[in-house]
Amino acid sequence: MCQSCNDKIELLTREGEDRRAFLRAGAALAAAPLAGAALASPAAAQESTANLAASEVQAWATNDTSGTFAPQMIKRRAAGPKDVVIEIMYASICHSDIHTAHGDWGMPTFPLVPGHEMVGRVVGVGSEVIKFREGDYAGVGCMVDSCGECANCLADREQNCLNGTTFTYNSEDKVSGGVTYGGYSKKVVVTEDFALRIPPGVDLAGFAPLLCAGITTFSPINHWDLKPGERFGVIGMGGLGHMAVKLAVAKGAEVVVFTTTEEKIADAKAFGAKEAYLWTDEEAMKKNMGSFDLMVSTVPVAYPMQPFLNLLKLDKTLVNVGALFPIEGAQGMPMGFGRQSLAGSMIGGIAETQAVIDFAAHHGIAASYELITPDQITEAFVKVVNKEARYRYVIDMTKA
């Protein structure tokens, strides 16, 4: 095990020295003349300026809760001084997209353009941008803005902004009015503070799911400080769960998977899990009683959780990142005897999201995915609900 696997992740905080050093480096990079810049043609300069203008772009939207998608033009704002314009290359399908489109969390605003896991190429930068230059790769995750001033934002918890986070789609657009539109589209405009740096040389399609599935499972691993050699349980191995397995294995943990799908047992072991069991395997559940240091539940619907709480050691935690409705089956008496905790967690701040991207790049981790074209989104939604995805559907926007 290399030393970097044992180190606790260092985040670029808003006030920390690391962030200031990074910003200074970014400013120097932006100020440095690019190779061949003196030879740039007037046509190239005009194209760059045009990329900053307001535009109508192709998107794929649904107009009712059927989850049926069709091409539709949407408006993207002109880039301001601190904005970056990203030509989206890959956008992956998260189960949250499906919940939103189907109205499971309340009626969305139609037309709805989902997508909060996207990676693409920077094609325009505002005059005050220091993090990016044209040609870089960038990602956008679950949020595109926050107040930047409240206690939570200053603590790098923009997802918990006390004045209201602006989420990537179906959220009030405080800049342009109306609602935000997500990554099932050809282009996005976002302030540089909410764009993530994607290292060159990585699998861009495989990195798109890191922007939600990756950070959603990495944040509990980071917050509860999972250490090498500790036993880590993953309940459910879909889009989120398979990322939890890969990230925890890279941290040096002893990973055990619990799944309802027999075919996924071999996959879990291929991803590095030491053990994998069906939920219905009563002997396996008995054998694992009181053995886990940390568990993460990625299942997107409620289910009785007490059998899994029973698997925790004393004073340990099961973190729910999947089911967002009332939790079922947790019992106070056994939880009290074991002083076990049932906790919740949801995505992570921008600094922590950048940390999981850098961690994945360092360890050669990417999501396992199937590439689809935009005309297959409707079908992919159905397959995700039917547990047929292995393990993320990624939309190839370059084929649109």
# chains A, B, ... in the order shown; residues from 1 in each chain; ligands from 1
>>> select_by_dssp(residues="region 266-363 of chain A", states="alpha helix (DSSP H)", output="PDB file with all heavy atoms, in the first residue's frame")
ATOM      1  N   ALA A 266     -20.061 -11.230  -8.456  1.00  0.00           N
ATOM      2  CA  ALA A 266     -18.778 -11.342  -9.162  1.00  0.00           C
ATOM      3  C   ALA A 266     -18.245  -9.963  -9.518  1.00  0.00           C
ATOM      4  O   ALA A 266     -17.029  -9.721  -9.444  1.00  0.00           O
ATOM      5  CB  ALA A 266     -18.939 -12.200 -10.420  1.00  0.00           C
ATOM      6  N   ASP A 267     -19.140  -9.044  -9.903  1.00  0.00           N
ATOM      7  CA  ASP A 267     -18.704  -7.683 -10.239  1.00  0.00           C
ATOM      8  C   ASP A 267     -18.069  -7.009  -9.022  1.00  0.00           C
ATOM      9  O   ASP A 267     -17.039  -6.340  -9.133  1.00  0.00           O
ATOM     10  CB  ASP A 267     -19.898  -6.847 -10.715  1.00  0.00           C
ATOM     11  CG  ASP A 267     -20.382  -7.231 -12.095  1.00  0.00           C
ATOM     12  OD1 ASP A 267     -19.694  -8.031 -12.772  1.00  0.00           O
ATOM     13  OD2 ASP A 267     -21.451  -6.740 -12.502  1.00  0.00           O
ATOM     14  N   ALA A 268     -18.704  -7.166  -7.865  1.00  0.00           N
ATOM     15  CA  ALA A 268     -18.187  -6.537  -6.651  1.00  0.00           C
ATOM     16  C   ALA A 268     -16.764  -6.997  -6.369  1.00  0.00           C
ATOM     17  O   ALA A 268     -15.888  -6.184  -6.019  1.00  0.00           O
ATOM     18  CB  ALA A 268     -19.097  -6.859  -5.472  1.00  0.00           C
ATOM     19  N   LYS A 269     -16.524  -8.267  -6.517  1.00  0.00           N
ATOM     20  CA  LYS A 269     -15.180  -8.794  -6.270  1.00  0.00           C
ATOM     21  C   LYS A 269     -14.198  -8.311  -7.335  1.00  0.00           C
ATOM     22  O   LYS A 269     -13.035  -8.050  -7.039  1.00  0.00           O
ATOM     23  CB  LYS A 269     -15.228 -10.312  -6.200  1.00  0.00           C
ATOM     24  CG  LYS A 269     -16.005 -10.818  -4.988  1.00  0.00           C
ATOM     25  CD  LYS A 269     -16.102 -12.331  -4.936  1.00  0.00           C
ATOM     26  CE  LYS A 269     -16.867 -12.778  -3.695  1.00  0.00           C
ATOM     27  NZ  LYS A 269     -17.029 -14.251  -3.622  1.00  0.00           N
ATOM     28  N   ALA A 270     -14.679  -8.160  -8.557  1.00  0.00           N
ATOM     29  CA  ALA A 270     -13.818  -7.631  -9.621  1.00  0.00           C
ATOM     30  C   ALA A 270     -13.443  -6.180  -9.343  1.00  0.00           C
ATOM     31  O   ALA A 270     -12.346  -5.730  -9.709  1.00  0.00           O
ATOM     32  CB  ALA A 270     -14.524  -7.739 -10.973  1.00  0.00           C
ATOM     33  N   GLU A 282     -29.027 -15.427   5.030  1.00  0.00           N
ATOM     34  CA  GLU A 282     -29.126 -15.260   6.478  1.00  0.00           C
ATOM     35  C   GLU A 282     -27.841 -15.651   7.190  1.00  0.00           C
ATOM     36  O   GLU A 282     -27.468 -15.034   8.204  1.00  0.00           O
ATOM     37  CB  GLU A 282     -30.302 -16.088   7.005  1.00  0.00           C
ATOM     38  CG  GLU A 282     -31.657 -15.599   6.502  1.00  0.00           C
ATOM     39  CD  GLU A 282     -32.815 -16.406   7.069  1.00  0.00           C
ATOM     40  OE1 GLU A 282     -32.546 -17.303   7.914  1.00  0.00           O
ATOM     41  OE2 GLU A 282     -33.964 -16.145   6.675  1.00  0.00           O
ATOM     42  N   GLU A 283     -27.160 -16.665   6.702  1.00  0.00           N
ATOM     43  CA  GLU A 283     -25.907 -17.081   7.327  1.00  0.00           C
ATOM     44  C   GLU A 283     -24.850 -15.989   7.212  1.00  0.00           C
ATOM     45  O   GLU A 283     -24.087 -15.741   8.150  1.00  0.00           O
ATOM     46  CB  GLU A 283     -25.409 -18.383   6.692  1.00  0.00           C
ATOM     47  CG  GLU A 283     -26.215 -19.613   7.066  1.00  0.00           C
ATOM     48  CD  GLU A 283     -26.265 -19.826   8.572  1.00  0.00           C
ATOM     49  OE1 GLU A 283     -25.191 -19.735   9.222  1.00  0.00           O
ATOM     50  OE2 GLU A 283     -27.365 -20.061   9.096  1.00  0.00           O
ATOM     51  N   ALA A 284     -24.805 -15.340   6.055  1.00  0.00           N
ATOM     52  CA  ALA A 284     -23.842 -14.249   5.869  1.00  0.00           C
ATOM     53  C   ALA A 284     -24.141 -13.089   6.801  1.00  0.00           C
ATOM     54  O   ALA A 284     -23.229 -12.479   7.377  1.00  0.00           O
ATOM     55  CB  ALA A 284     -23.862 -13.782   4.419  1.00  0.00           C
ATOM     56  N   MET A 285     -25.419 -12.776   6.981  1.00  0.00           N
ATOM     57  CA  MET A 285     -25.797 -11.683   7.884  1.00  0.00           C
ATOM     58  C   MET A 285     -25.392 -12.012   9.321  1.00  0.00           C
ATOM     59  O   MET A 285     -24.859 -11.158  10.041  1.00  0.00           O
ATOM     60  CB  MET A 285     -27.301 -11.417   7.799  1.00  0.00           C
ATOM     61  CG  MET A 285     -27.786 -10.928   6.432  1.00  0.00           C
ATOM     62  SD  MET A 285     -27.143  -9.296   5.954  1.00  0.00           S
ATOM     63  CE  MET A 285     -28.230  -8.226   6.907  1.00  0.00           C
ATOM     64  N   LYS A 286     -25.599 -13.250   9.738  1.00  0.00           N
ATOM     65  CA  LYS A 286     -25.209 -13.660  11.096  1.00  0.00           C
ATOM     66  C   LYS A 286     -23.694 -13.588  11.258  1.00  0.00           C
ATOM     67  O   LYS A 286     -23.184 -13.123  12.285  1.00  0.00           O
ATOM     68  CB  LYS A 286     -25.701 -15.080  11.368  1.00  0.00           C
ATOM     69  CG  LYS A 286     -27.204 -15.195  11.524  1.00  0.00           C
ATOM     70  CD  LYS A 286     -27.613 -16.649  11.766  1.00  0.00           C
ATOM     71  CE  LYS A 286     -29.130 -16.785  11.860  1.00  0.00           C
ATOM     72  NZ  LYS A 286     -29.529 -18.203  12.041  1.00  0.00           N
ATOM     73  N   LYS A 287     -22.983 -14.043  10.252  1.00  0.00           N
ATOM     74  CA  LYS A 287     -21.515 -14.084  10.325  1.00  0.00           C
ATOM     75  C   LYS A 287     -20.921 -12.686  10.452  1.00  0.00           C
ATOM     76  O   LYS A 287     -19.879 -12.494  11.087  1.00  0.00           O
ATOM     77  CB  LYS A 287     -20.962 -14.768   9.065  1.00  0.00           C
ATOM     78  CG  LYS A 287     -19.451 -14.907   9.045  1.00  0.00           C
ATOM     79  CD  LYS A 287     -18.969 -15.606   7.780  1.00  0.00           C
ATOM     80  CE  LYS A 287     -19.033 -14.686   6.576  1.00  0.00           C
ATOM     81  NZ  LYS A 287     -18.372 -15.270   5.376  1.00  0.00           N
ATOM     82  N   GLN A 306     -32.620  -1.977  10.125  1.00  0.00           N
ATOM     83  CA  GLN A 306     -32.085  -2.539  11.365  1.00  0.00           C
ATOM     84  C   GLN A 306     -31.189  -3.760  11.153  1.00  0.00           C
ATOM     85  O   GLN A 306     -30.157  -3.896  11.836  1.00  0.00           O
ATOM     86  CB  GLN A 306     -33.224  -2.892  12.325  1.00  0.00           C
ATOM     87  CG  GLN A 306     -32.742  -3.209  13.738  1.00  0.00           C
ATOM     88  CD  GLN A 306     -31.955  -2.044  14.342  1.00  0.00           C
ATOM     89  OE1 GLN A 306     -32.415  -0.908  14.313  1.00  0.00           O
ATOM     90  NE2 GLN A 306     -30.767  -2.337  14.863  1.00  0.00           N
ATOM     91  N   PRO A 307     -31.510  -4.681  10.223  1.00  0.00           N
ATOM     92  CA  PRO A 307     -30.599  -5.806  10.020  1.00  0.00           C
ATOM     93  C   PRO A 307     -29.181  -5.375   9.663  1.00  0.00           C
ATOM     94  O   PRO A 307     -28.216  -6.061  10.026  1.00  0.00           O
ATOM     95  CB  PRO A 307     -31.256  -6.575   8.865  1.00  0.00           C
ATOM     96  CG  PRO A 307     -32.711  -6.265   8.986  1.00  0.00           C
ATOM     97  CD  PRO A 307     -32.750  -4.824   9.425  1.00  0.00           C
ATOM     98  N   PHE A 308     -29.043  -4.232   8.996  1.00  0.00           N
ATOM     99  CA  PHE A 308     -27.711  -3.747   8.650  1.00  0.00           C
ATOM    100  C   PHE A 308     -27.086  -2.954   9.790  1.00  0.00           C
ATOM    101  O   PHE A 308     -25.868  -3.010   9.995  1.00  0.00           O
ATOM    102  CB  PHE A 308     -27.765  -2.937   7.356  1.00  0.00           C
ATOM    103  CG  PHE A 308     -28.100  -3.771   6.162  1.00  0.00           C
ATOM    104  CD1 PHE A 308     -29.396  -3.778   5.656  1.00  0.00           C
ATOM    105  CD2 PHE A 308     -27.144  -4.566   5.567  1.00  0.00           C
ATOM    106  CE1 PHE A 308     -29.715  -4.566   4.561  1.00  0.00           C
ATOM    107  CE2 PHE A 308     -27.454  -5.361   4.474  1.00  0.00           C
ATOM    108  CZ  PHE A 308     -28.741  -5.367   3.970  1.00  0.00           C
ATOM    109  N   LEU A 309     -27.906  -2.240  10.550  1.00  0.00           N
ATOM    110  CA  LEU A 309     -27.382  -1.575  11.739  1.00  0.00           C
ATOM    111  C   LEU A 309     -26.794  -2.596  12.710  1.00  0.00           C
ATOM    112  O   LEU A 309     -25.811  -2.323  13.408  1.00  0.00           O
ATOM    113  CB  LEU A 309     -28.487  -0.768  12.424  1.00  0.00           C
ATOM    114  CG  LEU A 309     -28.888   0.538  11.736  1.00  0.00           C
ATOM    115  CD1 LEU A 309     -30.259   1.012  12.233  1.00  0.00           C
ATOM    116  CD2 LEU A 309     -27.843   1.617  11.953  1.00  0.00           C
ATOM    117  N   GLY A 332     -34.955   1.676  18.119  1.00  0.00           N
ATOM    118  CA  GLY A 332     -34.204   2.384  19.144  1.00  0.00           C
ATOM    119  C   GLY A 332     -33.480   1.491  20.131  1.00  0.00           C
ATOM    120  O   GLY A 332     -32.354   1.805  20.542  1.00  0.00           O
ATOM    121  N   MET A 333     -34.067   0.363  20.523  1.00  0.00           N
ATOM    122  CA  MET A 333     -33.460  -0.477  21.552  1.00  0.00           C
ATOM    123  C   MET A 333     -32.119  -1.055  21.107  1.00  0.00           C
ATOM    124  O   MET A 333     -31.098  -0.843  21.777  1.00  0.00           O
ATOM    125  CB  MET A 333     -34.421  -1.604  21.948  1.00  0.00           C
ATOM    126  CG  MET A 333     -33.906  -2.466  23.089  1.00  0.00           C
ATOM    127  SD  MET A 333     -33.899  -1.576  24.671  1.00  0.00           S
ATOM    128  CE  MET A 333     -35.654  -1.582  25.062  1.00  0.00           C
ATOM    129  N   PRO A 334     -32.050  -1.777  19.977  1.00  0.00           N
ATOM    130  CA  PRO A 334     -30.745  -2.312  19.574  1.00  0.00           C
ATOM    131  C   PRO A 334     -29.740  -1.221  19.208  1.00  0.00           C
ATOM    132  O   PRO A 334     -28.541  -1.372  19.472  1.00  0.00           O
ATOM    133  CB  PRO A 334     -31.072  -3.204  18.371  1.00  0.00           C
ATOM    134  CG  PRO A 334     -32.415  -2.759  17.893  1.00  0.00           C
ATOM    135  CD  PRO A 334     -33.132  -2.244  19.095  1.00  0.00           C
ATOM    136  N   MET A 335     -30.226  -0.111  18.636  1.00  0.00           N
ATOM    137  CA  MET A 335     -29.305   0.995  18.341  1.00  0.00           C
ATOM    138  C   MET A 335     -28.731   1.570  19.630  1.00  0.00           C
ATOM    139  O   MET A 335     -27.545   1.914  19.709  1.00  0.00           O
ATOM    140  CB  MET A 335     -30.028   2.095  17.554  1.00  0.00           C
ATOM    141  CG  MET A 335     -30.292   1.760  16.101  1.00  0.00           C
ATOM    142  SD  MET A 335     -31.196   3.090  15.245  1.00  0.00           S
ATOM    143  CE  MET A 335     -29.978   4.390  15.256  1.00  0.00           C
ATOM    144  N   GLY A 336     -29.582   1.629  20.658  1.00  0.00           N
ATOM    145  CA  GLY A 336     -29.124   2.161  21.930  1.00  0.00           C
ATOM    146  C   GLY A 336     -28.098   1.269  22.599  1.00  0.00           C
ATOM    147  O   GLY A 336     -27.086   1.743  23.132  1.00  0.00           O
ATOM    148  N   PHE A 337     -28.328  -0.052  22.562  1.00  0.00           N
ATOM    149  CA  PHE A 337     -27.376  -0.970  23.180  1.00  0.00           C
ATOM    150  C   PHE A 337     -26.017  -0.911  22.497  1.00  0.00           C
ATOM    151  O   PHE A 337     -24.973  -1.031  23.144  1.00  0.00           O
ATOM    152  CB  PHE A 337     -27.926  -2.398  23.138  1.00  0.00           C
ATOM    153  CG  PHE A 337     -28.749  -2.761  24.338  1.00  0.00           C
ATOM    154  CD1 PHE A 337     -30.126  -2.903  24.230  1.00  0.00           C
ATOM    155  CD2 PHE A 337     -28.160  -2.934  25.575  1.00  0.00           C
ATOM    156  CE1 PHE A 337     -30.899  -3.220  25.328  1.00  0.00           C
ATOM    157  CE2 PHE A 337     -28.921  -3.256  26.692  1.00  0.00           C
ATOM    158  CZ  PHE A 337     -30.303  -3.395  26.572  1.00  0.00           C
ATOM    159  N   GLY A 338     -26.029  -0.754  21.199  1.00  0.00           N
ATOM    160  CA  GLY A 338     -24.754  -0.704  20.478  1.00  0.00           C
ATOM    161  C   GLY A 338     -24.212   0.699  20.292  1.00  0.00           C
ATOM    162  O   GLY A 338     -23.136   0.885  19.726  1.00  0.00           O
ATOM    163  N   ILE A 350     -17.691  22.000  -3.122  1.00  0.00           N
ATOM    164  CA  ILE A 350     -16.848  22.064  -4.313  1.00  0.00           C
ATOM    165  C   ILE A 350     -15.426  21.580  -4.013  1.00  0.00           C
ATOM    166  O   ILE A 350     -14.833  20.829  -4.798  1.00  0.00           O
ATOM    167  CB  ILE A 350     -16.821  23.495  -4.880  1.00  0.00           C
ATOM    168  CG1 ILE A 350     -18.203  23.864  -5.435  1.00  0.00           C
ATOM    169  CG2 ILE A 350     -15.764  23.635  -5.978  1.00  0.00           C
ATOM    170  CD1 ILE A 350     -18.681  22.978  -6.576  1.00  0.00           C
ATOM    171  N   ALA A 351     -14.862  21.985  -2.870  1.00  0.00           N
ATOM    172  CA  ALA A 351     -13.505  21.551  -2.533  1.00  0.00           C
ATOM    173  C   ALA A 351     -13.435  20.033  -2.400  1.00  0.00           C
ATOM    174  O   ALA A 351     -12.486  19.396  -2.877  1.00  0.00           O
ATOM    175  CB  ALA A 351     -13.034  22.224  -1.250  1.00  0.00           C
ATOM    176  N   GLU A 352     -14.446  19.444  -1.742  1.00  0.00           N
ATOM    177  CA  GLU A 352     -14.445  17.996  -1.565  1.00  0.00           C
ATOM    178  C   GLU A 352     -14.694  17.279  -2.885  1.00  0.00           C
ATOM    179  O   GLU A 352     -14.162  16.187  -3.125  1.00  0.00           O
ATOM    180  CB  GLU A 352     -15.503  17.605  -0.528  1.00  0.00           C
ATOM    181  CG  GLU A 352     -15.326  16.204   0.010  1.00  0.00           C
ATOM    182  CD  GLU A 352     -16.259  15.901   1.171  1.00  0.00           C
ATOM    183  OE1 GLU A 352     -17.433  16.359   1.157  1.00  0.00           O
ATOM    184  OE2 GLU A 352     -15.823  15.211   2.108  1.00  0.00           O
ATOM    185  N   THR A 353     -15.498  17.877  -3.760  1.00  0.00           N
ATOM    186  CA  THR A 353     -15.719  17.286  -5.083  1.00  0.00           C
ATOM    187  C   THR A 353     -14.436  17.296  -5.901  1.00  0.00           C
ATOM    188  O   THR A 353     -14.109  16.325  -6.602  1.00  0.00           O
ATOM    189  CB  THR A 353     -16.842  18.029  -5.826  1.00  0.00           C
ATOM    190  OG1 THR A 353     -18.014  18.063  -5.014  1.00  0.00           O
ATOM    191  CG2 THR A 353     -17.175  17.338  -7.145  1.00  0.00           C
ATOM    192  N   GLN A 354     -13.684  18.400  -5.820  1.00  0.00           N
ATOM    193  CA  GLN A 354     -12.390  18.424  -6.503  1.00  0.00           C
ATOM    194  C   GLN A 354     -11.460  17.370  -5.924  1.00  0.00           C
ATOM    195  O   GLN A 354     -10.673  16.734  -6.650  1.00  0.00           O
ATOM    196  CB  GLN A 354     -11.745  19.805  -6.388  1.00  0.00           C
ATOM    197  CG  GLN A 354     -10.486  19.974  -7.237  1.00  0.00           C
ATOM    198  CD  GLN A 354     -10.771  19.875  -8.728  1.00  0.00           C
ATOM    199  OE1 GLN A 354     -11.528  20.661  -9.278  1.00  0.00           O
ATOM    200  NE2 GLN A 354     -10.177  18.882  -9.393  1.00  0.00           N
ATOM    201  N   ALA A 355     -11.558  17.149  -4.608  1.00  0.00           N
ATOM    202  CA  ALA A 355     -10.704  16.152  -3.961  1.00  0.00           C
ATOM    203  C   ALA A 355     -10.980  14.753  -4.488  1.00  0.00           C
ATOM    204  O   ALA A 355     -10.047  13.961  -4.703  1.00  0.00           O
ATOM    205  CB  ALA A 355     -10.889  16.208  -2.446  1.00  0.00           C
ATOM    206  N   VAL A 356     -12.262  14.399  -4.699  1.00  0.00           N
ATOM    207  CA  VAL A 356     -12.545  13.052  -5.195  1.00  0.00           C
ATOM    208  C   VAL A 356     -12.087  12.900  -6.643  1.00  0.00           C
ATOM    209  O   VAL A 356     -11.618  11.833  -7.053  1.00  0.00           O
ATOM    210  CB  VAL A 356     -14.039  12.687  -5.036  1.00  0.00           C
ATOM    211  CG1 VAL A 356     -14.939  13.432  -5.995  1.00  0.00           C
ATOM    212  CG2 VAL A 356     -14.230  11.188  -5.223  1.00  0.00           C
ATOM    213  N   ILE A 357     -12.185  13.964  -7.434  1.00  0.00           N
ATOM    214  CA  ILE A 357     -11.678  13.912  -8.810  1.00  0.00           C
ATOM    215  C   ILE A 357     -10.175  13.667  -8.815  1.00  0.00           C
ATOM    216  O   ILE A 357      -9.667  12.795  -9.537  1.00  0.00           O
ATOM    217  CB  ILE A 357     -12.023  15.215  -9.553  1.00  0.00           C
ATOM    218  CG1 ILE A 357     -13.532  15.318  -9.780  1.00  0.00           C
ATOM    219  CG2 ILE A 357     -11.273  15.309 -10.884  1.00  0.00           C
ATOM    220  CD1 ILE A 357     -13.988  16.671 -10.274  1.00  0.00           C
ATOM    221  N   ASP A 358      -9.465  14.412  -7.982  1.00  0.00           N
ATOM    222  CA  ASP A 358      -8.005  14.248  -7.925  1.00  0.00           C
ATOM    223  C   ASP A 358      -7.624  12.882  -7.364  1.00  0.00           C
ATOM    224  O   ASP A 358      -6.665  12.251  -7.830  1.00  0.00           O
ATOM    225  CB  ASP A 358      -7.397  15.365  -7.082  1.00  0.00           C
ATOM    226  CG  ASP A 358      -7.608  16.750  -7.687  1.00  0.00           C
ATOM    227  OD1 ASP A 358      -7.914  16.820  -8.898  1.00  0.00           O
ATOM    228  OD2 ASP A 358      -7.499  17.749  -6.953  1.00  0.00           O
ATOM    229  N   PHE A 359      -8.373  12.405  -6.358  1.00  0.00           N
ATOM    230  CA  PHE A 359      -8.122  11.088  -5.773  1.00  0.00           C
ATOM    231  C   PHE A 359      -8.325   9.994  -6.820  1.00  0.00           C
ATOM    232  O   PHE A 359      -7.508   9.072  -6.954  1.00  0.00           O
ATOM    233  CB  PHE A 359      -9.066  10.873  -4.584  1.00  0.00           C
ATOM    234  CG  PHE A 359      -8.898   9.562  -3.871  1.00  0.00           C
ATOM    235  CD1 PHE A 359      -7.934   9.402  -2.894  1.00  0.00           C
ATOM    236  CD2 PHE A 359      -9.735   8.496  -4.163  1.00  0.00           C
ATOM    237  CE1 PHE A 359      -7.789   8.197  -2.221  1.00  0.00           C
ATOM    238  CE2 PHE A 359      -9.605   7.281  -3.500  1.00  0.00           C
ATOM    239  CZ  PHE A 359      -8.630   7.129  -2.528  1.00  0.00           C
ATOM    240  N   ALA A 360      -9.411  10.096  -7.575  1.00  0.00           N
ATOM    241  CA  ALA A 360      -9.695   9.098  -8.610  1.00  0.00           C
ATOM    242  C   ALA A 360      -8.630   9.102  -9.696  1.00  0.00           C
ATOM    243  O   ALA A 360      -8.196   8.042 -10.165  1.00  0.00           O
ATOM    244  CB  ALA A 360     -11.078   9.356  -9.207  1.00  0.00           C
ATOM    245  N   ALA A 361      -8.206  10.292 -10.099  1.00  0.00           N
ATOM    246  CA  ALA A 361      -7.159  10.374 -11.121  1.00  0.00           C
ATOM    247  C   ALA A 361      -5.862   9.750 -10.620  1.00  0.00           C
ATOM    248  O   ALA A 361      -5.173   9.024 -11.359  1.00  0.00           O
ATOM    249  CB  ALA A 361      -6.939  11.833 -11.514  1.00  0.00           C
ATOM    250  N   HIS A 362      -5.517  10.009  -9.357  1.00  0.00           N
ATOM    251  CA  HIS A 362      -4.278   9.483  -8.780  1.00  0.00           C
ATOM    252  C   HIS A 362      -4.304   7.958  -8.723  1.00  0.00           C
ATOM    253  O   HIS A 362      -3.276   7.305  -8.938  1.00  0.00           O
ATOM    254  CB  HIS A 362      -4.082  10.060  -7.385  1.00  0.00           C
ATOM    255  CG  HIS A 362      -2.850   9.563  -6.692  1.00  0.00           C
ATOM    256  ND1 HIS A 362      -1.581   9.999  -7.020  1.00  0.00           N
ATOM    257  CD2 HIS A 362      -2.691   8.653  -5.699  1.00  0.00           C
ATOM    258  CE1 HIS A 362      -0.690   9.374  -6.262  1.00  0.00           C
ATOM    259  NE2 HIS A 362      -1.351   8.555  -5.448  1.00  0.00           N
ATOM    260  N   HIS A 363      -5.485   7.387  -8.431  1.00  0.00           N
ATOM    261  CA  HIS A 363      -5.594   5.940  -8.243  1.00  0.00           C
ATOM    262  C   HIS A 363      -6.120   5.210  -9.474  1.00  0.00           C
ATOM    263  O   HIS A 363      -6.336   3.988  -9.419  1.00  0.00           O
ATOM    264  CB  HIS A 363      -6.483   5.640  -7.040  1.00  0.00           C
ATOM    265  CG  HIS A 363      -5.866   6.020  -5.729  1.00  0.00           C
ATOM    266  ND1 HIS A 363      -4.937   5.230  -5.080  1.00  0.00           N
ATOM    267  CD2 HIS A 363      -6.016   7.117  -4.963  1.00  0.00           C
ATOM    268  CE1 HIS A 363      -4.565   5.816  -3.960  1.00  0.00           C
ATOM    269  NE2 HIS A 363      -5.194   6.972  -3.868  1.00  0.00           N
TER     270      HIS A 363
END
>>> select_by_dssp(residues="region 258-394 of chain A", states="strand (DSSP E)", output="MDAnalysis selection string")
chainID A and resid 258:259 275:278 292:297 312:320 341:344 369:372 392:394
>>> closest_residue(among="A:Ala380, A:Leu204, A:Ile347, A:Ala138", to="Ile365 (chain A)", atoms="only C-alpha atoms")
A:Leu204
>>> atom_distance(atom1="CA of Val129 (chain A)", atom2="CA of Tyr184 (chain A)")
24.9 Å
>>> closest_residue(among="A:Leu240, A:Val234, A:Leu318, A:Ile215", to="Glu254 (chain A)", atoms="only C-alpha atoms")
A:Val234
>>> atom_distance(atom1="CA of Gly206 (chain A)", atom2="CA of Glu263 (chain A)")
21.8 Å
>>> closest_residue(among="A:His242, A:Lys174, A:Lys251, A:His95", to="Phe381 (chain A)", atoms="only C-alpha atoms")
A:His95
>>> residues_around(residues="Val256 (chain A)", least_positions_apart="2", cutoff="12 Å", atoms="only C-alpha atoms", output="ChimeraX atom specification")
/A:230-237,241-242,244-246,248-249,253-254,258-259,265,268-269,271-279,284-285,288,291-296,311
>>> closest_residue(among="A:Val85, A:Cys212, A:Ala389, A:Ala250", to="Gly115 (chain A)", atoms="only C-alpha atoms")
A:Cys212
>>> atom_distance(atom1="CA of Met143 (chain A)", atom2="CA of Lys186 (chain A)")
17.8 Å
>>> residues_around(residues="region 106-112 of chain A", least_positions_apart="4", cutoff="9 Å", atoms="only C-alpha atoms", output="JSON, numbers by chain")
{"A": [60, 61, 62, 63, 64, 65, 72, 100, 101, 102, 169, 170, 171, 179, 180, 181, 182]}
>>> closest_residue(among="A:Arg133, A:Arg392, A:His99, A:Arg197", to="Ser66 (chain A)", atoms="only C-alpha atoms")
A:His99
